[in-house]
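Structure below is protein_23.pdb: PDB, C-alpha atoms and all ligand atoms.
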```pdb
ATOM      1  CA  MET A1094      12.269  -9.206 -11.000  1.00  0.00           C
ATOM      2  CA  ILE A1095       9.017  -9.679  -9.073  1.00  0.00           C
ATOM      3  CA  THR A1096       6.134 -11.059 -11.147  1.00  0.00           C
ATOM      4  CA  MET A1097       2.533 -11.915 -10.164  1.00  0.00           C
ATOM      5  CA  ASP A1098       3.420 -15.472  -9.087  1.00  0.00           C
ATOM      6  CA  ARG A1099       5.397 -13.973  -6.165  1.00  0.00           C
ATOM      7  CA  ILE A1100       2.297 -12.153  -4.862  1.00  0.00           C
ATOM      8  CA  ILE A1101       0.342 -14.207  -2.325  1.00  0.00           C
ATOM      9  CA  ARG A1102      -3.472 -14.169  -2.451  1.00  0.00           C
ATOM     10  CA  GLU A1103      -6.341 -14.193   0.034  1.00  0.00           C
ATOM     11  CA  GLY A1104      -6.258 -17.262   2.258  1.00  0.00           C
ATOM     12  CA  HIS A1105      -2.458 -17.212   2.587  1.00  0.00           C
ATOM     13  CA  PRO A1106      -1.809 -16.742   6.353  1.00  0.00           C
ATOM     14  CA  THR A1107       0.965 -14.147   5.858  1.00  0.00           C
ATOM     15  CA  LEU A1108      -1.692 -11.647   4.690  1.00  0.00           C
ATOM     16  CA  ARG A1109      -3.194 -11.790   8.176  1.00  0.00           C
ATOM     17  CA  MET A1110       0.126 -11.591  10.072  1.00  0.00           C
ATOM     18  CA  LYS A1111       1.378  -8.507  11.893  1.00  0.00           C
ATOM     19  CA  ALA A1112       4.739  -7.820  10.234  1.00  0.00           C
ATOM     20  CA  GLU A1113       7.901  -7.459  12.355  1.00  0.00           C
ATOM     21  CA  GLU A1114       9.831  -4.203  12.825  1.00  0.00           C
ATOM     22  CA  MET A1115      13.086  -4.205  10.843  1.00  0.00           C
ATOM     23  CA  ALA A1116      16.604  -3.459  12.090  1.00  0.00           C
ATOM     24  CA  LEU A1117      18.209  -0.511  10.287  1.00  0.00           C
ATOM     25  CA  PRO A1118      20.033  -0.201   8.027  1.00  0.00           C
ATOM     26  CA  LEU A1119      18.589  -3.140   6.127  1.00  0.00           C
ATOM     27  CA  SER A1120      20.828  -6.034   5.144  1.00  0.00           C
ATOM     28  CA  GLU A1121      21.960  -6.176   1.544  1.00  0.00           C
ATOM     29  CA  GLU A1122      19.377  -8.895   0.887  1.00  0.00           C
ATOM     30  CA  GLU A1123      16.580  -6.817   2.451  1.00  0.00           C
ATOM     31  CA  LYS A1124      17.683  -3.768   0.427  1.00  0.00           C
ATOM     32  CA  GLU A1125      17.500  -5.842  -2.752  1.00  0.00           C
ATOM     33  CA  THR A1126      13.947  -6.927  -1.843  1.00  0.00           C
ATOM     34  CA  ALA A1127      12.992  -3.296  -1.235  1.00  0.00           C
ATOM     35  CA  ARG A1128      14.447  -2.282  -4.596  1.00  0.00           C
ATOM     36  CA  GLN A1129      12.555  -5.087  -6.346  1.00  0.00           C
ATOM     37  CA  MET A1130       9.281  -4.015  -4.721  1.00  0.00           C
ATOM     38  CA  LEU A1131       9.569  -0.482  -6.096  1.00  0.00           C
ATOM     39  CA  GLU A1132      10.736  -1.840  -9.476  1.00  0.00           C
ATOM     40  CA  PHE A1133       7.603  -4.048  -9.585  1.00  0.00           C
ATOM     41  CA  LEU A1134       5.349  -1.009  -9.202  1.00  0.00           C
ATOM     42  CA  LYS A1135       7.161   0.914 -11.943  1.00  0.00           C
ATOM     43  CA  ASN A1136       7.033  -2.143 -14.237  1.00  0.00           C
ATOM     44  CA  SER A1137       3.337  -2.703 -13.464  1.00  0.00           C
ATOM     45  CA  GLN A1138       2.585   0.877 -14.571  1.00  0.00           C
ATOM     46  CA  ASN A1139       4.547   0.505 -17.844  1.00  0.00           C
ATOM     47  CA  PRO A1140       2.076  -0.835 -20.463  1.00  0.00           C
ATOM     48  CA  GLU A1141       4.731  -2.677 -22.513  1.00  0.00           C
ATOM     49  CA  ILE A1142       6.402  -4.340 -19.509  1.00  0.00           C
ATOM     50  CA  ALA A1143       3.071  -5.060 -17.758  1.00  0.00           C
ATOM     51  CA  GLU A1144       1.751  -6.694 -20.928  1.00  0.00           C
ATOM     52  CA  ARG A1145       4.929  -8.713 -21.512  1.00  0.00           C
ATOM     53  CA  TYR A1146       5.066 -10.106 -17.958  1.00  0.00           C
ATOM     54  CA  GLY A1147       1.322 -10.188 -17.192  1.00  0.00           C
ATOM     55  CA  LEU A1148       1.608  -7.665 -14.352  1.00  0.00           C
ATOM     56  CA  ARG A1149      -1.505  -6.181 -12.714  1.00  0.00           C
ATOM     57  CA  PRO A1150      -0.965  -2.429 -12.273  1.00  0.00           C
ATOM     58  CA  GLY A1151      -0.341  -1.396  -8.674  1.00  0.00           C
ATOM     59  CA  ILE A1152       0.451   1.850  -6.880  1.00  0.00           C
ATOM     60  CA  GLY A1153       1.670   0.131  -3.713  1.00  0.00           C
ATOM     61  CA  LEU A1154       3.134  -3.178  -2.553  1.00  0.00           C
ATOM     62  CA  ALA A1155       3.642  -4.346   1.029  1.00  0.00           C
ATOM     63  CA  ALA A1156       6.280  -6.926   1.995  1.00  0.00           C
ATOM     64  CA  ASN A1157       3.553  -9.221   3.404  1.00  0.00           C
ATOM     65  CA  GLN A1158       2.249  -9.562  -0.156  1.00  0.00           C
ATOM     66  CA  ILE A1159       5.468 -11.270  -1.281  1.00  0.00           C
ATOM     67  CA  ASP A1160       5.390 -13.465   1.839  1.00  0.00           C
ATOM     68  CA  VAL A1161       7.907 -11.329   3.755  1.00  0.00           C
ATOM     69  CA  PRO A1162       6.254 -10.343   7.074  1.00  0.00           C
ATOM     70  CA  LYS A1163       8.556  -7.377   7.677  1.00  0.00           C
ATOM     71  CA  ARG A1164       7.498  -3.755   8.154  1.00  0.00           C
ATOM     72  CA  MET A1165       8.238  -2.165   4.799  1.00  0.00           C
ATOM     73  CA  PHE A1166       6.260  -1.228   1.696  1.00  0.00           C
ATOM     74  CA  ALA A1167       6.730   0.586  -1.595  1.00  0.00           C
ATOM     75  CA  LEU A1168       4.561   3.343  -3.081  1.00  0.00           C
ATOM     76  CA  HIS A1169       4.806   4.623  -6.650  1.00  0.00           C
ATOM     77  CA  ILE A1170       2.254   7.255  -7.654  1.00  0.00           C
ATOM     78  CA  VAL A1171       3.710   9.659 -10.190  1.00  0.00           C
ATOM     79  CA  ASP A1172       0.933  10.492 -12.646  1.00  0.00           C
ATOM     80  CA  GLU A1173      -1.317  11.795  -9.870  1.00  0.00           C
ATOM     81  CA  ASP A1174      -2.053  15.519  -9.986  1.00  0.00           C
ATOM     82  CA  SER A1175      -0.964  15.668  -6.330  1.00  0.00           C
ATOM     83  CA  GLU A1176       2.692  15.443  -5.303  1.00  0.00           C
ATOM     84  CA  PRO A1177       4.606  12.556  -6.877  1.00  0.00           C
ATOM     85  CA  VAL A1178       5.343   9.751  -4.424  1.00  0.00           C
ATOM     86  CA  SER A1179       7.937   7.056  -5.122  1.00  0.00           C
ATOM     87  CA  PHE A1180       9.682   5.390  -2.216  1.00  0.00           C
ATOM     88  CA  VAL A1181      10.177   2.354  -0.017  1.00  0.00           C
ATOM     89  CA  ILE A1182       9.489   3.143   3.643  1.00  0.00           C
ATOM     90  CA  VAL A1183      10.668   0.979   6.557  1.00  0.00           C
ATOM     91  CA  ASN A1184       8.947   0.814   9.972  1.00  0.00           C
ATOM     92  CA  PRO A1185       6.290   3.275   8.761  1.00  0.00           C
ATOM     93  CA  LYS A1186       4.001   5.091  11.194  1.00  0.00           C
ATOM     94  CA  ILE A1187       1.214   7.632  10.987  1.00  0.00           C
ATOM     95  CA  ALA A1188       2.533  10.407  13.254  1.00  0.00           C
ATOM     96  CA  SER A1189      -0.665  12.458  13.029  1.00  0.00           C
ATOM     97  CA  HIS A1190      -3.776  12.633  10.870  1.00  0.00           C
ATOM     98  CA  SER A1191      -6.676  14.887   9.925  1.00  0.00           C
ATOM     99  CA  GLY A1192     -10.037  14.495  11.637  1.00  0.00           C
ATOM    100  CA  ALA A1193     -11.563  14.549   8.174  1.00  0.00           C
ATOM    101  CA  LYS A1194     -11.866  11.262   6.328  1.00  0.00           C
ATOM    102  CA  ALA A1195     -11.838  10.491   2.590  1.00  0.00           C
ATOM    103  CA  TYR A1196     -12.571   7.517   0.356  1.00  0.00           C
ATOM    104  CA  LEU A1197     -12.169   6.580  -3.288  1.00  0.00           C
ATOM    105  CA  PRO A1198     -15.616   6.836  -4.917  1.00  0.00           C
ATOM    106  CA  GLY A1199     -14.841   3.676  -6.913  1.00  0.00           C
ATOM    107  CA  GLY A1200     -13.758   1.739  -3.834  1.00  0.00           C
ATOM    108  CA  GLU A1201     -10.401  -0.055  -3.557  1.00  0.00           C
ATOM    109  CA  GLY A1202      -8.783  -3.172  -4.939  1.00  0.00           C
ATOM    110  CA  CYS A1203      -5.753  -5.236  -3.975  1.00  0.00           C
ATOM    111  CA  LEU A1204      -3.127  -7.237  -5.838  1.00  0.00           C
ATOM    112  CA  SER A1205      -3.723 -10.020  -3.303  1.00  0.00           C
ATOM    113  CA  VAL A1206      -7.486 -10.076  -3.942  1.00  0.00           C
ATOM    114  CA  ASP A1207      -8.588 -11.650  -7.242  1.00  0.00           C
ATOM    115  CA  ARG A1208     -12.147 -10.379  -7.064  1.00  0.00           C
ATOM    116  CA  GLU A1209     -14.090  -7.132  -6.901  1.00  0.00           C
ATOM    117  CA  VAL A1210     -15.201  -6.137  -3.404  1.00  0.00           C
ATOM    118  CA  PRO A1211     -17.492  -3.123  -3.856  1.00  0.00           C
ATOM    119  CA  GLY A1212     -17.896  -0.484  -1.160  1.00  0.00           C
ATOM    120  CA  PHE A1213     -16.444   2.668   0.334  1.00  0.00           C
ATOM    121  CA  VAL A1214     -13.224   2.357   2.371  1.00  0.00           C
ATOM    122  CA  PRO A1215     -13.145   5.378   4.726  1.00  0.00           C
ATOM    123  CA  ARG A1216      -9.621   6.551   5.553  1.00  0.00           C
ATOM    124  CA  TYR A1217      -7.934   9.665   6.970  1.00  0.00           C
ATOM    125  CA  ALA A1218      -7.922  12.446   4.342  1.00  0.00           C
ATOM    126  CA  LYS A1219      -4.461  13.718   5.366  1.00  0.00           C
ATOM    127  CA  VAL A1220      -1.643  11.958   7.215  1.00  0.00           C
ATOM    128  CA  THR A1221       1.770  12.976   8.503  1.00  0.00           C
ATOM    129  CA  ILE A1222       3.931   9.887   8.050  1.00  0.00           C
ATOM    130  CA  LYS A1223       7.236   8.853   9.604  1.00  0.00           C
ATOM    131  CA  GLY A1224       9.617   6.030   8.842  1.00  0.00           C
ATOM    132  CA  PHE A1225      13.011   5.281   7.390  1.00  0.00           C
ATOM    133  CA  THR A1226      14.651   4.655   4.035  1.00  0.00           C
ATOM    134  CA  PRO A1227      16.260   1.206   3.571  1.00  0.00           C
ATOM    135  CA  ASP A1228      19.572   2.951   4.375  1.00  0.00           C
ATOM    136  CA  GLY A1229      18.190   4.128   7.709  1.00  0.00           C
ATOM    137  CA  GLU A1230      17.620   7.799   6.864  1.00  0.00           C
ATOM    138  CA  PRO A1231      14.528   9.301   8.540  1.00  0.00           C
ATOM    139  CA  ILE A1232      11.453  10.033   6.431  1.00  0.00           C
ATOM    140  CA  LYS A1233       8.814  12.547   7.542  1.00  0.00           C
ATOM    141  CA  ARG A1234       6.178  13.667   5.078  1.00  0.00           C
ATOM    142  CA  ARG A1235       2.629  14.950   4.841  1.00  0.00           C
ATOM    143  CA  LEU A1236       0.351  13.147   2.351  1.00  0.00           C
ATOM    144  CA  LYS A1237      -3.140  13.889   1.065  1.00  0.00           C
ATOM    145  CA  GLY A1238      -5.274  12.613  -1.798  1.00  0.00           C
ATOM    146  CA  LEU A1239      -4.491   9.252  -3.372  1.00  0.00           C
ATOM    147  CA  PRO A1240      -1.011   9.022  -1.776  1.00  0.00           C
ATOM    148  CA  ALA A1241      -2.612   9.323   1.689  1.00  0.00           C
ATOM    149  CA  ILE A1242      -5.178   6.624   0.844  1.00  0.00           C
ATOM    150  CA  ALA A1243      -2.525   4.299  -0.585  1.00  0.00           C
ATOM    151  CA  PHE A1244      -0.210   4.793   2.418  1.00  0.00           C
ATOM    152  CA  GLN A1245      -3.017   3.656   4.741  1.00  0.00           C
ATOM    153  CA  HIS A1246      -3.873   0.674   2.478  1.00  0.00           C
ATOM    154  CA  GLU A1247      -0.228  -0.483   2.664  1.00  0.00           C
ATOM    155  CA  LEU A1248       0.170   0.170   6.393  1.00  0.00           C
ATOM    156  CA  ASP A1249      -2.950  -1.965   6.897  1.00  0.00           C
ATOM    157  CA  HIS A1250      -1.183  -4.857   5.110  1.00  0.00           C
ATOM    158  CA  LEU A1251       1.683  -4.684   7.653  1.00  0.00           C
ATOM    159  CA  ASN A1252      -0.975  -5.141  10.371  1.00  0.00           C
ATOM    160  CA  GLY A1253      -2.776  -8.008   8.639  1.00  0.00           C
ATOM    161  CA  VAL A1254      -5.720  -5.773   7.644  1.00  0.00           C
ATOM    162  CA  MET A1255      -7.381  -6.001   4.203  1.00  0.00           C
ATOM    163  CA  PHE A1256      -9.192  -3.046   2.571  1.00  0.00           C
ATOM    164  CA  TYR A1257     -12.558  -4.799   2.708  1.00  0.00           C
ATOM    165  CA  ASP A1258     -12.288  -5.090   6.508  1.00  0.00           C
ATOM    166  CA  HIS A1259     -13.300  -1.409   6.490  1.00  0.00           C
ATOM    167  CA  ILE A1260     -16.375  -1.831   4.266  1.00  0.00           C
ATOM    168  CA  ASP A1261     -19.720  -1.853   6.074  1.00  0.00           C
ATOM    169  CA  PRO A1262     -21.142  -5.294   5.198  1.00  0.00           C
ATOM    170  CA  ASP A1263     -24.736  -4.103   5.646  1.00  0.00           C
ATOM    171  CA  GLU A1264     -24.357  -0.879   3.704  1.00  0.00           C
ATOM    172  CA  PRO A1265     -21.173  -0.946   1.570  1.00  0.00           C
ATOM    173  CA  PHE A1266     -21.907   2.462  -0.012  1.00  0.00           C
ATOM    174  CA  ARG A1267     -23.275   4.094   3.104  1.00  0.00           C
ATOM    175  CA  ASN A1268     -22.973   7.808   3.589  1.00  0.00           C
ATOM    176  CA  TYR A1269     -20.051   8.767   5.827  1.00  0.00           C
ATOM    177  CA  PRO A1270     -20.917  12.308   7.028  1.00  0.00           C
ATOM    178  CA  ASP A1271     -17.310  13.033   8.092  1.00  0.00           C
ATOM    179  CA  ALA A1272     -15.801  11.618   4.881  1.00  0.00           C
ATOM    180  CA  LYS A1273     -15.531  13.143   1.431  1.00  0.00           C
ATOM    181  CA  PRO A1274     -15.202  11.198  -1.834  1.00  0.00           C
ATOM    182  CA  LEU A1275     -11.787  11.872  -3.409  1.00  0.00           C
ATOM    183  CA  GLY A1276     -11.591  13.600  -6.777  1.00  0.00           C
TER
HETATM  184  O1  LIG A1301      -1.269  -3.431  -1.328  1.00  0.00           O
HETATM  185  C1  LIG A1301      -1.144  -2.893  -2.598  1.00  0.00           C
HETATM  186  N1  LIG A1301      -2.117  -3.319  -3.487  1.00  0.00           N
HETATM  187  O2  LIG A1301      -2.775  -4.416  -3.238  1.00  0.00           O
HETATM  188  C2  LIG A1301      -2.233  -2.641  -4.757  1.00  0.00           C
HETATM  189  C3  LIG A1301      -3.387  -1.644  -4.768  1.00  0.00           C
HETATM  190  C4  LIG A1301      -3.166  -0.528  -3.798  1.00  0.00           C
HETATM  191  C5  LIG A1301      -4.328   0.404  -3.625  1.00  0.00           C
HETATM  192  C6  LIG A1301      -5.515   0.275  -4.335  1.00  0.00           C
HETATM  193  C7  LIG A1301      -6.564   1.176  -4.120  1.00  0.00           C
HETATM  194  C8  LIG A1301      -6.403   2.203  -3.202  1.00  0.00           C
HETATM  195  C9  LIG A1301      -5.213   2.327  -2.510  1.00  0.00           C
HETATM  196  C10 LIG A1301      -4.189   1.428  -2.727  1.00  0.00           C
HETATM  197 NI    NI A1302      -3.239  -4.362  -1.214  1.00  0.00          NI
END
```
Just give me the structure as C-alpha cells.
Ligand SMILES: OCN(O)CCCc1ccccc1
Ligand code: NI
Amino acid sequence: MITMDRIIREGHPTLRMKAEEMALPLSEEEKETARQMLEFLKNSQNPEIAERYGLRPGIGLAANQIDVPKRMFALHIVDEDSEPVSFVIVNPKIASHSGAKAYLPGGEGCLSVDREVPGFVPRYAKVTIKGFTPDGEPIKRRLKGLPAIAFQHELDHLNGVMFYDHIDPDEPFRNYPDAKPLG
C-alpha cells in the first residue's frame, strides 16, 4: 500500500516535470500503481486507517507525486454533496470549460507541500473532462464544484504546476470579479 513516505515533497524535480502520455491499455504494473493510488485516497479518508498509517487525508493523487511522471491521477470525493467521484483517469484532458471561475474560500493544500500557502486559487467553475480508464475505456464527464477544482489541481501536477503558482503573490486574497467562492 502507498504510505506518506512514497509521496515526494517540494524541491523534488519530478514535481516540476511534464508527465508523459501513457500507452493504453496500461501494463499490469501500471494498473497496479493506478489501483494503489485510488486505494491510498480511500485509506487516507478512513479515520482508523489514516491514524494507523499516519496518512494525510487527500481527495486526489497524481502519479508525479509518487515519482512516476506519467499522465494519470486518482480522484476520490464521495462525501461531497455534489456527484460522487471515484476514479483513476489516464491521459486526462479538459475538453471544454465554463467562462466562469471558482475558488475554494479556504484556499488549497497539497500532499506534496508541508506548509500552509494562503490565498485564492482561481480555477474554471465547470469542466468537461476526457480521458481513459486504465483498461483503455473512454471517459467523458462534466464536473462542477469541488470535483472540478480537484480535477484541475491534479491535471496541474501532470504539467509540473503547483497550486500556489496561481496565487497572486502581491494580493493572495484579491477579489476575482469573474470568480465565485465555492460553497
Ligand atoms: O495532488 C493532490 N493533493 O496534493 C491532495 C490535495 C488535493 C486538493 C486540495 C485542495 C483542492 C483541490 C485538490
Ligand atoms: Ni497536490
Contacts of ligand NI 1302 (chain A), 12 Å or closer, all atoms listed in the file, given as a PyMOL selection string | chain A and resi 1100-1103+1108-1109+1149-1159+1166-1168+1201-1207+1242-1258
If you apply the PyMOL selection byres (((chain A and resi 1217) around 8) and not hetatm) to this file, what residues do you get, as a ChimeraX atom specification?
-> /A:1190-1195,1215-1216,1218-1220,1241-1242
I need the chosen residues saved as an mmCIF file, keeping the file's coordinate frame, with C-alpha atoms.
```
data_model
loop_
_atom_site.group_PDB
_atom_site.id
_atom_site.type_symbol
_atom_site.label_atom_id
_atom_site.label_comp_id
_atom_site.auth_asym_id
_atom_site.auth_seq_id
_atom_site.Cartn_x
_atom_site.Cartn_y
_atom_site.Cartn_z
ATOM 1 C CA HIS A 1190 -3.776 12.633 10.870
ATOM 2 C CA SER A 1191 -6.676 14.887 9.925
ATOM 3 C CA GLY A 1192 -10.037 14.495 11.637
ATOM 4 C CA ALA A 1193 -11.563 14.549 8.174
ATOM 5 C CA LYS A 1194 -11.866 11.262 6.328
ATOM 6 C CA ALA A 1195 -11.838 10.491 2.590
ATOM 7 C CA PRO A 1215 -13.145 5.378 4.726
ATOM 8 C CA ARG A 1216 -9.621 6.551 5.553
ATOM 9 C CA ALA A 1218 -7.922 12.446 4.342
ATOM 10 C CA LYS A 1219 -4.461 13.718 5.366
ATOM 11 C CA VAL A 1220 -1.643 11.958 7.215
ATOM 12 C CA ALA A 1241 -2.612 9.323 1.689
ATOM 13 C CA ILE A 1242 -5.178 6.624 0.844
#
```
Taking the file above as input, evaluate the PyMOL selection byres (((chain A and resi 1229-1235) around 8) and not hetatm) and report the hits as an NGL selection string.
-> :A and (1117-1119 or 1182 or 1219-1228 or 1236-1237)
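Within 9 Å of the point (-1.3, -0.5, -17.4) in file coordinates, and counting all atoms listed in the file, lie the residues Ser1137, Gln1138, Asn1139, Pro1140, Glu1141, Ile1142, Ala1143, Glu1144, Leu1148, Arg1149, Pro1150 and Gly1151 of chain A.
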When you draw a straight line from CA of Asp1098 (chain A) to CA of Tyr1146 (chain A), how long is it in Å?
-> 10.5 Å
